[in-house]
file query30.csv (CSV, C-alpha atoms)
chain,number,residue,atom,x,y,z
K,1,MET,CA,23.5,8.6,24.2
K,2,PRO,CA,20.5,10.8,23.2
K,3,LYS,CA,18.8,13.1,25.7
K,4,GLY,CA,15.1,12.4,26.1
K,5,LYS,CA,12.8,10.0,24.3
K,6,VAL,CA,13.7,8.6,20.9
K,7,PHE,CA,11.1,8.4,18.3
K,8,ALA,CA,11.6,5.6,15.7
K,9,TYR,CA,9.5,4.6,12.8
K,10,ALA,CA,9.4,1.4,10.7
K,11,ARG,CA,7.0,0.6,7.8
K,12,THR,CA,6.2,-2.6,5.9
K,13,SER,CA,3.6,-3.0,3.1
K,14,SER,CA,2.4,-6.5,4.2
K,15,LYS,CA,1.4,-8.2,7.4
K,16,THR,CA,3.6,-11.2,6.6
K,17,ASN,CA,6.7,-9.0,6.8
K,18,ALA,CA,5.4,-7.3,10.0
K,19,LYS,CA,5.0,-10.7,11.7
K,20,ASN,CA,8.4,-12.1,10.5
K,21,PRO,CA,10.8,-11.7,13.5
K,22,PHE,CA,13.8,-11.7,11.2
K,23,GLY,CA,12.3,-9.6,8.3
K,24,SER,CA,12.6,-6.1,7.1
K,25,ARG,CA,10.7,-4.8,10.1
K,26,LYS,CA,13.4,-5.9,12.6
K,27,ARG,CA,16.2,-4.7,10.3
K,28,GLN,CA,14.6,-1.2,10.1
K,29,ILE,CA,14.1,-1.0,13.9
K,30,ASP,CA,17.7,-2.1,14.6
K,31,SER,CA,19.1,0.5,12.1
K,32,ALA,CA,16.9,3.3,13.4
K,33,LEU,CA,17.9,2.7,17.1
K,34,ALA,CA,21.6,2.4,16.1
K,35,ALA,CA,21.4,5.7,14.2
K,36,ALA,CA,19.8,7.3,17.3
K,37,GLY,CA,22.5,5.8,19.5
K,38,ALA,CA,19.9,4.4,21.8
K,39,THR,CA,20.7,2.0,24.6
K,40,LYS,CA,18.7,-0.3,26.8
K,41,LYS,CA,18.1,2.6,29.2
K,42,THR,CA,17.0,5.0,26.5
K,43,PRO,CA,13.2,5.7,26.5
K,44,VAL,CA,11.9,4.8,23.0
K,45,GLU,CA,8.6,5.3,21.3
K,46,LEU,CA,8.7,2.8,18.4
K,47,VAL,CA,5.9,2.7,15.8
K,48,CYS,CA,5.7,-0.1,13.3
K,49,ASP,CA,3.2,0.8,10.5
K,50,VAL,CA,1.7,-1.8,8.0
K,51,ILE,CA,0.7,0.4,5.1
K,52,CYS,CA,1.5,1.0,1.4
K,53,GLY,CA,4.2,3.6,0.9
K,54,THR,CA,2.3,5.2,-2.0
K,55,LEU,CA,-0.9,6.2,-0.2
K,56,PRO,CA,-1.7,9.9,-0.1
K,57,LEU,CA,-0.8,12.1,2.9
K,58,PRO,CA,-4.3,12.0,4.6
K,59,GLN,CA,-4.0,8.2,4.9
K,60,ARG,CA,-0.5,8.4,6.5
K,61,SER,CA,-1.9,9.5,9.9
K,62,THR,CA,0.4,7.2,11.9
K,63,PHE,CA,3.6,8.8,10.6
K,64,THR,CA,2.2,12.4,10.7
K,65,ASN,CA,1.0,11.8,14.3
K,66,LEU,CA,4.5,10.7,15.2
K,67,LEU,CA,6.0,13.9,13.7
K,68,GLU,CA,3.6,16.0,15.8
K,69,LYS,CA,4.5,14.1,19.0
K,70,ALA,CA,8.2,14.6,18.2
K,71,SER,CA,7.7,18.4,17.6
K,72,LYS,CA,6.7,18.8,21.3
K,73,THR,CA,10.0,17.4,22.6
K,74,LYS,CA,13.4,18.9,22.8
K,75,GLN,CA,15.1,16.5,20.5
K,76,LYS,CA,12.6,17.0,17.6
K,77,LYS,CA,13.8,14.0,15.6
K,78,VAL,CA,12.2,10.9,14.1
K,79,TYR,CA,14.6,8.0,13.2
K,80,VAL,CA,13.8,5.6,10.3
K,81,GLY,CA,15.8,2.5,9.3
K,82,GLU,CA,15.9,3.5,5.6
K,83,SER,CA,14.7,6.4,3.5
K,84,ARG,CA,12.2,4.4,1.6
K,85,ALA,CA,10.3,3.6,4.9
K,86,VAL,CA,9.1,7.2,4.7
K,87,ALA,CA,7.3,6.8,1.4
K,88,ARG,CA,7.7,5.0,-2.0
K,89,ASN,CA,6.4,8.0,-4.0
K,90,TYR,CA,8.3,11.1,-5.0
K,91,ASP,CA,5.5,13.6,-4.3
K,92,LEU,CA,4.5,12.0,-1.0
K,93,SER,CA,8.2,11.9,0.2
K,94,ASP,CA,8.5,15.6,-0.6
K,95,GLU,CA,5.2,16.4,1.3
K,96,LEU,CA,6.3,14.6,4.4
K,97,TYR,CA,9.7,16.3,4.2
K,98,LYS,CA,8.0,19.7,4.0
K,99,MET,CA,5.6,18.8,6.9
K,100,GLY,CA,8.5,17.8,9.1
K,101,LYS,CA,10.3,21.1,8.2
K,102,LYS,CA,7.2,23.0,9.1
K,103,LEU,CA,6.9,21.3,12.5
K,104,GLY,CA,10.6,21.7,13.1
K,105,VAL,CA,11.2,17.9,13.2
K,106,THR,CA,14.1,16.3,11.3
K,107,ILE,CA,13.6,12.9,9.8
K,108,VAL,CA,16.9,11.0,10.2
K,109,ALA,CA,17.4,8.0,7.8
K,110,ALA,CA,20.0,5.5,8.9
K,111,ASP,CA,21.1,4.9,5.3
K,112,ALA,CA,21.3,8.6,4.5
K,113,PRO,CA,21.5,10.8,7.7
K,114,GLY,CA,21.6,14.2,6.0
K,115,LEU,CA,18.9,13.4,3.4
K,116,PHE,CA,16.1,15.3,5.2
K,117,ASP,CA,18.2,18.2,6.5
K,118,HIS,CA,16.2,21.4,6.8
K,119,ASN,CA,19.0,23.7,5.6
K,120,PRO,CA,20.5,21.7,2.8
K,121,GLY,CA,23.1,22.9,0.3
K,122,PRO,CA,22.7,22.5,-3.5
K,123,LEU,CA,24.3,19.0,-3.4
K,124,GLN,CA,22.0,17.8,-0.6
K,125,VAL,CA,18.9,19.1,-2.5
K,126,PHE,CA,20.0,17.3,-5.6
K,127,GLN,CA,20.7,14.1,-3.6
K,128,ARG,CA,17.3,14.2,-1.9
K,129,ARG,CA,15.5,14.6,-5.2
K,130,VAL,CA,17.5,11.8,-6.7
K,131,ASP,CA,16.8,9.5,-3.7
K,132,PHE,CA,13.0,10.2,-3.9
K,133,ALA,CA,13.0,9.5,-7.6
K,134,ARG,CA,15.1,6.3,-7.1
K,135,THR,CA,12.7,5.0,-4.4
K,136,GLU,CA,9.7,5.5,-6.8
K,137,LEU,CA,11.5,3.9,-9.7
K,138,GLU,CA,12.3,0.8,-7.5
K,139,LYS,CA,8.7,0.5,-6.6
K,140,ASP,CA,7.5,0.8,-10.2
K,141,LEU,CA,10.0,-1.8,-11.4
K,142,THR,CA,8.9,-4.2,-8.6
K,143,VAL,CA,5.2,-3.8,-9.6
K,144,LEU,CA,6.1,-4.3,-13.3
K,145,ARG,CA,8.1,-7.5,-12.6
K,146,LEU,CA,5.2,-8.9,-10.4
K,147,GLY,CA,2.7,-8.1,-13.2
K,148,GLN,CA,4.9,-9.8,-15.8
K,149,SER,CA,5.3,-12.9,-13.6
K,150,ARG,CA,1.6,-13.1,-13.0
K,151,ASP,CA,0.8,-12.7,-16.8
K,152,ALA,CA,3.4,-15.4,-17.7
K,153,GLU,CA,1.8,-17.8,-15.1
K,154,LEU,CA,-1.7,-17.1,-16.5
K,155,LYS,CA,-0.4,-17.6,-20.0
K,156,THR,CA,1.2,-20.9,-19.1
K,157,GLN,CA,-2.1,-22.1,-17.4
K,158,GLY,CA,-4.0,-21.0,-20.5
K,159,ARG,CA,-1.7,-23.0,-22.7
K,160,ALA,CA,-2.0,-26.1,-20.5
K,161,LYS,CA,-5.9,-25.8,-20.7
K,162,GLU,CA,-5.7,-25.5,-24.5
K,163,VAL,CA,-3.4,-28.6,-24.8
K,164,ALA,CA,-5.8,-30.6,-22.6
K,165,ALA,CA,-8.8,-29.5,-24.6
K,166,LEU,CA,-7.0,-30.4,-27.9
K,167,LYS,CA,-6.1,-33.9,-26.4
K,168,ARG,CA,-9.8,-34.4,-25.5
K,169,LYS,CA,-10.9,-33.3,-29.0
K,170,LYS,CA,-8.4,-35.7,-30.6
K,171,ALA,CA,-9.5,-38.6,-28.4
K,172,LYS,CA,-13.1,-38.0,-29.5
K,173,LEU,CA,-12.1,-38.2,-33.2
K,174,SER,CA,-9.8,-41.2,-32.9
K,175,PRO,CA,-11.1,-44.5,-34.5
K,176,GLN,CA,-12.8,-46.9,-32.1
K,177,LYS,CA,-12.3,-50.7,-31.8
K,178,ILE,CA,-15.0,-53.0,-33.2
K,179,THR,CA,-16.4,-55.0,-30.2
K,180,PHE,CA,-19.0,-57.6,-29.8
K,181,GLU,CA,-21.8,-55.1,-29.2
K,182,GLY,CA,-19.9,-51.8,-29.7
K,183,LYS,CA,-19.5,-49.2,-32.4
K,184,ALA,CA,-17.0,-49.0,-35.2
K,185,LYS,CA,-15.4,-46.1,-37.1
K,186,LEU,CA,-13.2,-46.5,-40.1
K,187,VAL,CA,-10.9,-43.4,-40.5
K,188,GLY,CA,-13.5,-41.2,-38.8
K,189,ARG,CA,-16.5,-42.5,-40.8
K,190,ARG,CA,-19.2,-44.7,-39.5
K,191,SER,CA,-19.2,-48.3,-40.8
K,192,THR,CA,-22.0,-50.7,-41.2
K,193,LEU,CA,-21.1,-52.4,-37.9
K,194,GLU,CA,-23.0,-49.7,-35.9
K,195,LYS,CA,-25.8,-52.0,-34.7
K,196,LYS,CA,-25.8,-53.7,-31.4
K,197,GLY,CA,-26.0,-57.5,-31.1
K,198,LYS,CA,-24.2,-60.4,-32.7
K,199,LEU,CA,-22.3,-60.0,-35.9
K,200,THR,CA,-24.0,-61.7,-38.9
K,201,ASN,CA,-22.2,-63.5,-41.7
K,202,LYS,CA,-22.8,-60.5,-44.0
K,203,GLN,CA,-21.4,-58.1,-41.4
K,204,VAL,CA,-18.3,-60.3,-40.9
K,205,ALA,CA,-17.7,-60.3,-44.6
K,206,GLU,CA,-18.0,-56.6,-44.8
K,207,ALA,CA,-15.6,-56.1,-41.9
K,208,LYS,CA,-13.0,-58.4,-43.6
K,209,LYS,CA,-13.4,-56.5,-46.9
K,210,ALA,CA,-13.0,-53.2,-45.1
K,211,ILE,CA,-9.9,-54.4,-43.3
K,212,LYS,CA,-8.2,-55.6,-46.5
K,213,GLY,CA,-9.0,-52.3,-48.3
K,214,GLN,CA,-7.8,-50.1,-45.3
K,215,ARG,CA,-4.5,-48.4,-46.1
K,216,LYS,CA,-4.1,-45.3,-43.9
K,217,GLY,CA,-5.3,-46.8,-40.7
K,218,ARG,CA,-5.9,-50.1,-38.9
K,219,VAL,CA,-9.2,-51.3,-37.5
K,220,ARG,CA,-8.8,-53.9,-34.7
K,221,LEU,CA,-11.4,-56.4,-33.7
K,222,ALA,CA,-11.4,-56.7,-29.9
K,223,GLY,CA,-12.8,-59.3,-27.6
K,224,HIS,CA,-15.9,-61.1,-28.9
K,225,GLY,CA,-15.6,-59.5,-32.3
K,226,ARG,CA,-12.5,-61.6,-33.0
K,227,GLN,CA,-14.2,-64.7,-31.7
K,228,ALA,CA,-17.2,-64.1,-33.9
K,229,LEU,CA,-15.0,-63.6,-37.0
K,230,ARG,CA,-13.1,-66.9,-36.2
K,231,ARG,CA,-16.4,-68.8,-35.9
K,232,ALA,CA,-17.6,-67.4,-39.2
K,233,GLN,CA,-14.3,-68.4,-40.9
K,234,VAL,CA,-14.7,-72.0,-39.5
K,235,ARG,CA,-18.3,-72.2,-40.7
K,236,ASP,CA,-17.3,-71.0,-44.1
K,237,SER,CA,-14.5,-73.7,-44.2
K,238,PHE,CA,-16.9,-76.5,-43.2
K,239,ALA,CA,-19.5,-75.3,-45.7
K,240,ARG,CA,-16.9,-75.4,-48.6
K,241,LEU,CA,-15.8,-78.9,-47.5
K,242,GLY,CA,-19.4,-80.1,-47.5
K,243,ALA,CA,-20.1,-78.7,-50.9
K,244,ALA,CA,-17.0,-80.3,-52.3
K,245,HIS,CA,-17.9,-83.7,-50.8
K,246,ARG,CA,-21.4,-83.6,-52.2
K,247,GLN,CA,-20.1,-82.8,-55.7
K,248,ARG,CA,-17.8,-85.9,-55.5
K,249,ILE,CA,-20.7,-88.1,-54.6

call {"tool": "encode", "arguments": {"input": "query30.csv", "output": "structure tokens"}}
result
Amino acid sequence: MPKGKVFAYARTSSKTNAKNPFGSRKRQIDSALAAAGATKKTPVELVCDVICGTLPLPQRSTFTNLLEKASKTKQKKVYVGESRAVARNYDLSDELYKMGKKLGVTIVAADAPGLFDHNPGPLQVFQRRVDFARTELEKDLTVLRLGQSRDAELKTQGRAKEVAALKRKKAKLSPQKITFEGKAKLVGRRSTLEKKGKLTNKQVAEAKKAIKGQRKGRVRLAGHGRQALRRAQVRDSFARLGAAHRQRI
């Protein structure tokens, strides 16, 4: 059981993680208190900081103030749940280590207890430098993956917009149906059936001729257009029958 007050520090980079009761914040606190050997009766000053781990030293006032408070006690230690809670940048981690050494305060990481030792051997110095570099590398890789995911999502959205625009463009160029009072296009070119109103006998004949000569596409007569064509065909049949009857007489 530690003598005196225990100073513990936890850091998250987002408010979402800080508010999550089962997130990294709770894990860091539990690890730090376990490393300190604290019990329910142990006085604890716990600081939970929501800040980016790569900000420069002047903006890390919460952690530096905690180091100064711990320097005025007998224990002179600050416990953290993991080494990367101190910083996510090599230079900043080294600056905080030197500041703690200057104040006589040892930073104790639960995952690497001897990492911030003030009198390290050659192996400990090497291990500390490697750990600081590893922490920065993990941060850089995380930022890179997030950037690649964001770019891929934007690229997918861009492709979806291009496909939608292409579909709209094709829909505008597609042949239209001939209706009673509508417009007609034969393979993308305007036909003579562009006028509004009823179809005349001449227009019906032209439409029939165009349909017979059409090879690469099909023009459909919709609605009243079909009815008008049928009526014209019936009139032509009766006219031919009448002419034949008059010739016989």

call {"tool": "atom_distance", "arguments": {"input": "query30.csv", "atom1": "CA of Glu136 in chain K", "atom2": "CA of Glu82 in chain K"}}
result
14.0 Å

call {"tool": "residues_near_point", "arguments": {"input": "query30.csv", "point": "(1.9, 12.3, 11.3)", "cutoff": "12 Å", "atoms": "all atoms listed in the file", "output": "VMD selection string"}}
result
chain K and resid 9 47 49 57 to 71 78 86 95 to 97 99 to 100 103 105 107

call {"tool": "atom_distance", "arguments": {"input": "query30.csv", "atom1": "CA of Lys101 in chain K", "atom2": "CA of Leu33 in chain K"}}
result
21.8 Å

call {"tool": "residues_around", "arguments": {"input": "query30.csv", "residues": "Val50 in chain K", "least_positions_apart": "2", "cutoff": "6 Å", "atoms": "only C-alpha atoms", "output": "list in words"}}
result
Arg11, Thr12 and Ser13 of chain K

call {"tool": "closest_residue", "arguments": {"input": "query30.csv", "among": "K:Leu92, K:Ala85, K:Ile29, K:Leu146", "to": "Pro56 in chain K", "atoms": "only C-alpha atoms"}}
result
K:Leu92

call {"tool": "atom_distance", "arguments": {"input": "query30.csv", "atom1": "CA of Pro122 in chain K", "atom2": "CA of Asp140 in chain K"}}
result
27.3 Å

call {"tool": "closest_residue", "arguments": {"input": "query30.csv", "among": "K:Arg231, K:Gln75, K:Val130, K:Pro113", "to": "Asp94 in chain K", "atoms": "only C-alpha atoms"}}
result
K:Val130

call {"tool": "closest_residue", "arguments": {"input": "query30.csv", "among": "K:Ala152, K:Val80, K:Ala87, K:Val163", "to": "Asp131 in chain K", "atoms": "all atoms listed in the file"}}
result
K:Ala87

call {"tool": "closest_residue", "arguments": {"input": "query30.csv", "among": "K:Leu115, K:Leu154, K:Ala205, K:Cys52", "to": "Lys139 in chain K", "atoms": "only C-alpha atoms"}}
result
K:Cys52

call {"tool": "residues_around", "arguments": {"input": "query30.csv", "residues": "Ala112 in chain K", "least_positions_apart": "5", "cutoff": "12 Å", "atoms": "only C-alpha atoms", "output": "list of chain:residue names"}}
result
K:Ser31, K:Ala32, K:Ala35, K:Tyr79, K:Val80, K:Gly81, K:Glu82, K:Ser83, K:Arg84, K:Ile107, K:Asp117, K:Gln124, K:Gln127, K:Arg128, K:Asp131, K:Phe132
